[in-house]
Amino acid sequence: MTIELEPSAQTDGFHLVVDALKLNGIDTIYGVVGIPITDLARLAQAEGIRYIGFRHEQSAGNAAAIAGYLTQKPGICLTVSAPGFLNGMVALANATTNCFPMILISGSSDRAIVDLQQGDYEELDQLNAARPYAKAAFRVNRPEDIGVGIARAIRAAVSGRPGGVYLDLPADVLRSAIDAKTGALSLVRAVDPAPRQLPSPESVGRALDLLASAKRPLVILGKGAAYAQADEAVRAFVEASGAPFVPMSMAKGLLSDNHPQSAAAARSFVLGQADVVVLIGARLNWLLGHGKAPQWSPTARFIQLDISPTEIDSNRAIAAPVVGDISSSLAALLAGVEHAQISPRAEWLDAIEAHKRHNAERMAEHLDAKPDPMDFYSALRAVRDVLADNPDVYVVNEGANTLDFGRNIIDMHTPRKRLDSGTWGVMGIGMGYAIGAAVTSGGRVVAIEGDSAFGFSGMEIETICRYKLPVVIIVFNNGGVYRGDDVNRGQGTDTAPTVLMKSAHYEKLIEAFGGTGHYVTDAVGLTGALAEALASGKPALINCVIDPATGTESGHLKKLNPQSALAHAT
Ligand code: ADP
Ligand code: TZD
């Protein structure tokens, strides 16, 4: 006699991935589908995870990365194998560079064939390709390891210094069936994936002593401070210290740009003169002149608050490192700040005020001019004034001049509202960041884009229209990379390397997808179009015509781009 066993319920890799993501509170996936992950996206959607489908993986990855930055939960980007994976890699590397938590999940081909290089469909050794650009990289080779793989990826993305994590899911693992009970038991919920990291009391005491000795203190706020969501502690510390502060680009708004202690308008002066500098979630990389002369005084002493111990002394000696998460470190400093008797000298504060006044007057002259056609100042002034009435709006910004002038002219008043090219100065984040911000917040976004910058992710306006996102794109159309008036130095009729089409009607692109296009040539037109587009809450694109002759080569990065012999010769 044979005994008929009840067949036990089965699950498979697809279900286990979705179950593991849900168990860990992941509610959104950004991606592009195809073999072997189409059913993963379908199933995720069926199971209540929002799936946002893009036109290119780089934008999906950028959306995931910025979602991670805004929410402290890793943003998930899903791609197919080889080319889809590689398209997502730029975004993963950019996330790692900027310290944003993100997980790139890619399907991959048959290991046996890939490893012998026998030519599988979309064959690539993805795990090894990803490793140098990711904070961590994992492959899951058995369906019962999916739970552990996803938990490890989440923990690696958000703990300590956040970054990009790669998770490789071979097609046969996704397809494999296993016993459902075994599968359920294999899932892992990451408990406290980004634990607090308390600074040592000695480091806090050392920092307070140094700060108390300062005559010309300065606080630099970086996007690590913005990421930490320690907004009240940042305010309390800056105000208790009485020190002037300068925000890095994406830390603008952590304290309002109108805050009386903001020294942004006297940036070069305070960097050069400060004797004690408190870095809060900001690296001494190229954006801060590596902490060296001529931007900084060689005798300045630094206090650095960072979660990553190896960041300390990366560019110059740090007298008082405070290694810990920013919330905990600021709480510890605040507890001692009253007794520390920090008192910036009156002459320091007066000198800063004088520089601010002088620079503000110079800036006002530019902003008040009404050139025809518009230049960057007059166009951005119009944008600034409309945004001042709409402080809830996220500002995405990329380009060279459009970025540099945008950062200086557009004031921010609330934290984590300015999203830009960041640590790499990368082009192509525009539409991805705009979509990620709109999806995670449900709020409105204005993307201020150079015409070259816009081209890197422009096709995602279809995505914006398909999901009916309240995103307004302003293309600063000066007909080129940096500017639009360069000439071919050779014989042919080709345009110069920096030149783009001056007569381009970018606004018609969005009309193809049901969005609203605007074409503006003066500040009044720009003001009206932006106000109308924001009020509508619907996708819109404003083609903003700027004088082709106003941009500067490389924007404000002249030092990194010495003019070539060719340029001097002509
Ligand atoms: P910015 O470009 O604004 O100057 P960076 O990206 O260079 O900022 O620096 C951000 C720093 O913040 C990184 O060194 C990172 O390790 C640190 N960081 C990120 N999150 C935290 C956190 N929660 N607590 C402490 N430091 C953090
Ligand atoms: N490719 C990538 C991925 N990132 C880059 N930063 C560049 C190329 C080089 N680059 C810049 O650094 S800015 C820029 C490029 C191509 C575009 C500048 O032109 P724009 O802005 O039209 O976007 P402005 O306002 O005209 O300067």
# chains A, B, ... in the order shown; residues from 1 in each chain; ligands from 1

call {"tool": "residues_near_ligand", "arguments": {"ligand": "ligand 1", "cutoff": "8 Å", "atoms": "only C-alpha atoms and all ligand atoms", "output": "number ranges by chain"}}
result
A: 97-99, 160-162, 221-225, 227-229, 247-251, 280-285, 287-288, 305-308, 311, 323-327, 422-423

call {"tool": "residues_around", "arguments": {"residues": "Gly443 (chain A)", "least_positions_apart": "3", "cutoff": "10 Å", "atoms": "only C-alpha atoms", "output": "list of chain:residue names"}}
result
A:Asp392, A:Val393, A:Tyr394, A:Ala437, A:Ala438, A:Val439, A:Thr440, A:Leu469, A:Pro470, A:Val471, A:Gly537

call {"tool": "write_last_selection", "arguments": {"atoms": "N, CA, C and O atoms", "output": "PDB file, in the first residue's frame"}}
result
ATOM      1  N   ASP A 392       6.861  75.052  -0.203  1.00  0.00           N
ATOM      2  CA  ASP A 392       6.733  73.589  -0.112  1.00  0.00           C
ATOM      3  C   ASP A 392       7.348  72.885  -1.319  1.00  0.00           C
ATOM      4  O   ASP A 392       7.510  71.662  -1.315  1.00  0.00           O
ATOM      5  N   VAL A 393       7.682  73.628  -2.361  1.00  0.00           N
ATOM      6  CA  VAL A 393       8.092  73.004  -3.626  1.00  0.00           C
ATOM      7  C   VAL A 393       9.525  72.471  -3.542  1.00  0.00           C
ATOM      8  O   VAL A 393      10.418  73.142  -3.032  1.00  0.00           O
ATOM      9  N   TYR A 394       9.738  71.260  -4.044  1.00  0.00           N
ATOM     10  CA  TYR A 394      11.091  70.707  -4.186  1.00  0.00           C
ATOM     11  C   TYR A 394      11.761  71.355  -5.384  1.00  0.00           C
ATOM     12  O   TYR A 394      11.110  71.550  -6.419  1.00  0.00           O
ATOM     13  N   ALA A 437      11.253  62.529  -5.953  1.00  0.00           N
ATOM     14  CA  ALA A 437      10.760  63.476  -4.945  1.00  0.00           C
ATOM     15  C   ALA A 437       9.243  63.558  -4.990  1.00  0.00           C
ATOM     16  O   ALA A 437       8.571  63.565  -3.950  1.00  0.00           O
ATOM     17  N   ALA A 438       8.679  63.609  -6.205  1.00  0.00           N
ATOM     18  CA  ALA A 438       7.220  63.724  -6.322  1.00  0.00           C
ATOM     19  C   ALA A 438       6.533  62.464  -5.807  1.00  0.00           C
ATOM     20  O   ALA A 438       5.514  62.526  -5.125  1.00  0.00           O
ATOM     21  N   VAL A 439       7.110  61.301  -6.125  1.00  0.00           N
ATOM     22  CA  VAL A 439       6.477  60.039  -5.720  1.00  0.00           C
ATOM     23  C   VAL A 439       6.551  59.860  -4.203  1.00  0.00           C
ATOM     24  O   VAL A 439       5.558  59.500  -3.563  1.00  0.00           O
ATOM     25  N   THR A 440       7.708  60.122  -3.608  1.00  0.00           N
ATOM     26  CA  THR A 440       7.819  59.872  -2.164  1.00  0.00           C
ATOM     27  C   THR A 440       7.039  60.901  -1.354  1.00  0.00           C
ATOM     28  O   THR A 440       6.524  60.580  -0.293  1.00  0.00           O
ATOM     29  N   LEU A 469       2.414  63.417 -12.483  1.00  0.00           N
ATOM     30  CA  LEU A 469       3.138  63.973 -11.344  1.00  0.00           C
ATOM     31  C   LEU A 469       3.186  65.508 -11.443  1.00  0.00           C
ATOM     32  O   LEU A 469       3.342  66.058 -12.538  1.00  0.00           O
ATOM     33  N   PRO A 470       3.097  66.176 -10.297  1.00  0.00           N
ATOM     34  CA  PRO A 470       3.101  67.646 -10.314  1.00  0.00           C
ATOM     35  C   PRO A 470       4.526  68.195 -10.465  1.00  0.00           C
ATOM     36  O   PRO A 470       5.087  68.799  -9.553  1.00  0.00           O
ATOM     37  N   VAL A 471       5.099  67.949 -11.626  1.00  0.00           N
ATOM     38  CA  VAL A 471       6.485  68.356 -11.895  1.00  0.00           C
ATOM     39  C   VAL A 471       6.487  69.414 -12.992  1.00  0.00           C
ATOM     40  O   VAL A 471       5.910  69.206 -14.054  1.00  0.00           O
ATOM     41  N   GLY A 537      -0.778  72.080 -10.717  1.00  0.00           N
ATOM     42  CA  GLY A 537      -0.401  70.790 -10.118  1.00  0.00           C
ATOM     43  C   GLY A 537      -0.221  69.696 -11.163  1.00  0.00           C
ATOM     44  O   GLY A 537      -0.221  68.510 -10.845  1.00  0.00           O
TER      45      GLY A 537
END

call {"tool": "residues_near_ligand", "arguments": {"ligand": "ligand 2", "cutoff": "7 Å", "atoms": "only C-alpha atoms and all ligand atoms", "output": "list in words"}}
result
Glu398, Gly399, Ala400, Asn401, Thr402, Leu403, Gly425, Val426, Met427, Gly428, Glu449, Gly450, Asp451, Ser452, Ala453, Phe454, Phe476, Asn477, Asn478, Gly480, Val481, Tyr482, Arg483, Gly551, Thr552, Ser554 and Gly555 of chain A

call {"tool": "closest_residue", "arguments": {"among": "A:Gln118, A:Ser8, A:Ser241, A:Gln58", "to": "Ala95 (chain A)", "atoms": "only C-alpha atoms"}}
result
A:Gln58

call {"tool": "closest_residue", "arguments": {"among": "A:Ala549, A:Ala243, A:Ser329, A:Lys22", "to": "Val188 (chain A)", "atoms": "only C-alpha atoms"}}
result
A:Lys22

call {"tool": "residues_around", "arguments": {"residues": "Phe245 (chain A)", "least_positions_apart": "6", "cutoff": "12 Å", "atoms": "only C-alpha atoms", "output": "number ranges by chain"}}
result
A: 216-222, 234-235, 237-239, 251-267, 270-271, 274, 276-280, 349, 352

call {"tool": "select_by_dssp", "arguments": {"residues": "region 494-526 of chain A", "states": "strand (DSSP E or B)", "output": "ChimeraX atom specification"}}
result
/A:499,516-520

call {"tool": "residues_around", "arguments": {"residues": "Ala130 (chain A)", "least_positions_apart": "6", "cutoff": "8 Å", "atoms": "only C-alpha atoms", "output": "ChimeraX atom specification"}}
result
/A:89,137,166

call {"tool": "closest_residue", "arguments": {"among": "A:Ile26, A:Val114, A:Leu167, A:Ile146", "to": "Phe85 (chain A)", "atoms": "only C-alpha atoms"}}
result
A:Leu167

call {"tool": "residues_around", "arguments": {"residues": "region 104-108 of chain A", "least_positions_apart": "4", "cutoff": "8 Å", "atoms": "only C-alpha atoms", "output": "list in words"}}
result
Ile35, Pro36, Ile37, Gly61, Ile76, Cys77, Leu78, Thr79, Val80, Ser81, Ala82, Gly84, Phe85, Gly88, Met89, Leu92, Glu122, Glu123, Leu124, Gln126, Gly164, Val165, Tyr166, Leu167, Asp168, Leu169, Pro170 and Ala171 of chain A

call {"tool": "closest_residue", "arguments": {"among": "A:Thr96, A:Asn543, A:Asn62, A:Asn87", "to": "Ser503 (chain A)", "atoms": "only C-alpha atoms"}}
result
A:Asn543

call {"tool": "closest_residue", "arguments": {"among": "A:Val148, A:Ile154, A:Leu16, A:Ile52", "to": "Ser176 (chain A)", "atoms": "only C-alpha atoms"}}
result
A:Leu16

call {"tool": "closest_residue", "arguments": {"among": "A:His518, A:Lys468, A:Arg301, A:Arg489", "to": "Pro539 (chain A)", "atoms": "only C-alpha atoms"}}
result
A:Lys468

call {"tool": "select_by_dssp", "arguments": {"residues": "region 119-200 of chain A", "states": "alpha helix (DSSP H)", "output": "VMD selection string"}}
result
chain A and resid 126 to 130 146 to 158 171 to 175 180 to 186

call {"tool": "residues_around", "arguments": {"residues": "Gly272 (chain A)", "least_positions_apart": "5", "cutoff": "8 Å", "atoms": "only C-alpha atoms", "output": "PyMOL selection string"}}
result
chain A and resi 294-297

call {"tool": "residues_around", "arguments": {"residues": "Asp179 (chain A)", "least_positions_apart": "4", "cutoff": "8 Å", "atoms": "only C-alpha atoms", "output": "PyMOL selection string"}}
result
chain A and resi 8-11+183

call {"tool": "atom_distance", "arguments": {"atom1": "CA of Leu380 (chain A)", "atom2": "CA of Ala535 (chain A)"}}
result
18.9 Å

call {"tool": "atom_distance", "arguments": {"atom1": "CA of His355 (chain A)", "atom2": "CA of Gln273 (chain A)"}}
result
12.2 Å
